[in-house]
Amino acid sequence: MSKLLDLVFRRRSEKSRRESAHRINLVSFLFGFTDSFYAYVLSIYFSRVIGSDNVGGFYLVAYAVIFVLLWFLHRIMRKIGGSVISFFLAILAGVIFATILTVIPVTWPGAILAILLLISTNVAWVALDVALEQSSEDGVTGAVRGLHLTMINAGFLIAPFLATRIVDLYDFGGVFFGVTLGLSIVLAIAIVLLHDRDGISTTRMEARSAWKKMLREPNLMHIYNVSFGLGFFYFIMVIYTPIHLVNLGFTWQEIGILFTIMLVPFVLLQYPLGVLADKKYGEKEFLLASIGFSLIATLSFSLISSNSLLFWGMLLFISRIGAAGIEVLRDSYFYKHVDGGDDDLISFFRTAYPAANIAGALLATPLLLFFPLRSVFYLVTIVLLFSLYSAFRLEDTK
């Protein structure tokens with residue numbers, strides 16, 4: 001009788017977790033659309049404020065704050081009611097910042113508000129990730145993470161095209177109006193769908209403990225390096241690719257088309273790769289191939305000056321085939337190697353992106369004082385080579 005009851009309760013728990021994950025995925029889709037609405041044009045906003053392409057300093061400030069917040073975020077979550085409440089508050093802050101940005105000109109005060117908007121949306125993503133982890137089980141990690149990333153990137157797919165068109169027609173005020181509207185919708189729907197989740201996080205960030213554990217588990221250290229490399233890739237590409245394409249003579253409408261093409265692999269590949277990693281092949285071989293795709297494409301960015309729309313569409317598409325694979329396989333691999341007792345490791349793992357963003361800003365900013373814009377793509381190539389080495393050192397899960 002007790003076994004039957006255990007089975008019933010376990011199935012109810014699994015059903016509840018699946019339903020919760022589906023709700024989070026819907027919110028992620030809407031949030032992904034809204035977040036990408038400004039992400040790919042923000043570097044142009046900053047460059048207009050200072051009259052230069054060297055905008056890394058703005059991102060350095062933003063991601064330094066985000067990095068510090070991550071160390072205390074779970075303590076804050078516990079005090080204010082958990083990850084879901086933290087998500088609500090971060091989105092609300094984003095609505096306020098975006099609303100003000102809608103009505104003020106492109107100036108230094110606007111740049112400060114844009115930094116605050118970037119911080120608030122990044123904190124919201126971490127809070128949502130914590131909520132998803134509480135709804136996931138190890139046996140289907142690849143599938144859960146793959147579906148989650150697919151939903152996010154499906155939201156990302158159309159937004160850059162719309163955003164570049166709006167910049168062309170209504171300047172940045174139109175973009176931030178779209179962000180205000182989008183975040184307001186995300187907040188309203190999230191309150192309806194996630195209000196019954198307590199989302200209480202018991203995670204504590206103990207840096208010394210996490211670092212010692214990482215050193216004792218080489219696989220975790222290697223996958224952290226892979227995640228760092230991906231974060232570095234994203235940082236440089238999101239900030240400097242739009243500027244580079246503008247310098248090559250592409251119009252905003254053409255850039256919007258290129259970015260839409262670029263994001264298609266995220267929608268097509270991530271869920272199938274996550275399922276294949278779970279059921280048959282493991283992550284290592286796919287991960288090596290994915291890093292190889294991104295590495296070759298990034299090196300091409302720095303070597304080729306063509307202004308062919310077709311060529312750049314193909315090159316950006318190939319680069320994101322790699323990035324899409326790295327993203328889902330990295331998550332799948334890491335979460336298979338941790339459990340509920342490894343809260344500090346999970347928190348430490350989440351610092352890879354802000355650490356990579358800080359490193360990207362610290363390296364790219366002085367580099368661009370002496371070398372042309374294309375030099376930042378050489379920088380990404382070097383970092384991806386280190387990621388490739390770390391991926392070779394991984395012990396596969398199959």
# chains A, B, ... in the order shown; residues from 1 in each chain; ligands from 1

$ residues_around --residues "Ile255 of chain A" --least-positions-apart "4" --cutoff "12 Å" --atoms "only C-alpha atoms" --output "VMD selection string"
chain A and resid 40 to 41 160 to 165 167 to 168 241 to 251 259 to 262 307 to 310 312 to 313 316

$ write_last_selection --atoms "C-alpha atoms" --output "PDB file, in the first residue's frame"
ATOM      1  CA  TYR A  40      20.929  43.841 -30.676  1.00  0.00           C
ATOM      2  CA  VAL A  41      20.572  47.625 -31.027  1.00  0.00           C
ATOM      3  CA  PRO A 160      15.634  41.785 -33.991  1.00  0.00           C
ATOM      4  CA  PHE A 161      14.039  42.284 -37.417  1.00  0.00           C
ATOM      5  CA  LEU A 162      11.192  44.306 -35.899  1.00  0.00           C
ATOM      6  CA  ALA A 163      13.565  46.274 -33.674  1.00  0.00           C
ATOM      7  CA  THR A 164      15.857  47.300 -36.528  1.00  0.00           C
ATOM      8  CA  ARG A 165      12.820  48.405 -38.571  1.00  0.00           C
ATOM      9  CA  VAL A 167      14.951  52.105 -35.119  1.00  0.00           C
ATOM     10  CA  ASP A 168      14.909  53.018 -38.800  1.00  0.00           C
ATOM     11  CA  THR A 241      28.450  42.593 -34.908  1.00  0.00           C
ATOM     12  CA  PRO A 242      25.742  45.267 -35.454  1.00  0.00           C
ATOM     13  CA  ILE A 243      28.401  47.999 -35.430  1.00  0.00           C
ATOM     14  CA  HIS A 244      30.603  45.983 -37.803  1.00  0.00           C
ATOM     15  CA  LEU A 245      27.717  45.433 -40.226  1.00  0.00           C
ATOM     16  CA  VAL A 246      26.797  49.124 -40.166  1.00  0.00           C
ATOM     17  CA  ASN A 247      30.430  49.967 -40.932  1.00  0.00           C
ATOM     18  CA  LEU A 248      30.337  47.545 -43.886  1.00  0.00           C
ATOM     19  CA  GLY A 249      27.427  49.515 -45.329  1.00  0.00           C
ATOM     20  CA  PHE A 250      24.413  47.354 -44.440  1.00  0.00           C
ATOM     21  CA  THR A 251      21.109  49.136 -43.791  1.00  0.00           C
ATOM     22  CA  PHE A 259      19.788  38.593 -37.517  1.00  0.00           C
ATOM     23  CA  THR A 260      16.588  36.682 -38.192  1.00  0.00           C
ATOM     24  CA  ILE A 261      18.498  34.206 -40.378  1.00  0.00           C
ATOM     25  CA  MET A 262      21.194  34.011 -37.738  1.00  0.00           C
ATOM     26  CA  ASN A 307      29.142  43.265 -48.045  1.00  0.00           C
ATOM     27  CA  SER A 308      27.109  40.479 -49.658  1.00  0.00           C
ATOM     28  CA  LEU A 309      23.838  39.908 -47.803  1.00  0.00           C
ATOM     29  CA  LEU A 310      23.794  36.229 -48.811  1.00  0.00           C
ATOM     30  CA  TRP A 312      26.877  37.247 -44.281  1.00  0.00           C
ATOM     31  CA  GLY A 313      23.577  35.437 -43.822  1.00  0.00           C
ATOM     32  CA  LEU A 316      26.054  34.222 -39.242  1.00  0.00           C
TER      33      LEU A 316
END

$ residues_around --residues "segment 179-191 of chain A" --least-positions-apart "3" --cutoff "10 Å" --atoms "only C-alpha atoms" --output "number ranges by chain"
A: 23-24, 26-38, 84-85, 87-102, 117, 121, 163, 173-176, 194-197

$ residues_around --residues "segment 268-285 of chain A" --least-positions-apart "4" --cutoff "12 Å" --atoms "only C-alpha atoms" --output "VMD selection string"
chain A and resid 137 to 154 157 219 222 to 223 226 261 to 264 289 to 292 317 320 to 336 388 to 398

$ atom_distance --atom1 "atom CA of Thr351 of chain A" --atom2 "atom CA of Met237 of chain A"
19.2 Å

$ select_by_dssp --residues "segment 52-85 of chain A" --states "alpha helix (DSSP H)" --output "MDAnalysis selection string"
chainID A and resid 56:80 83:85
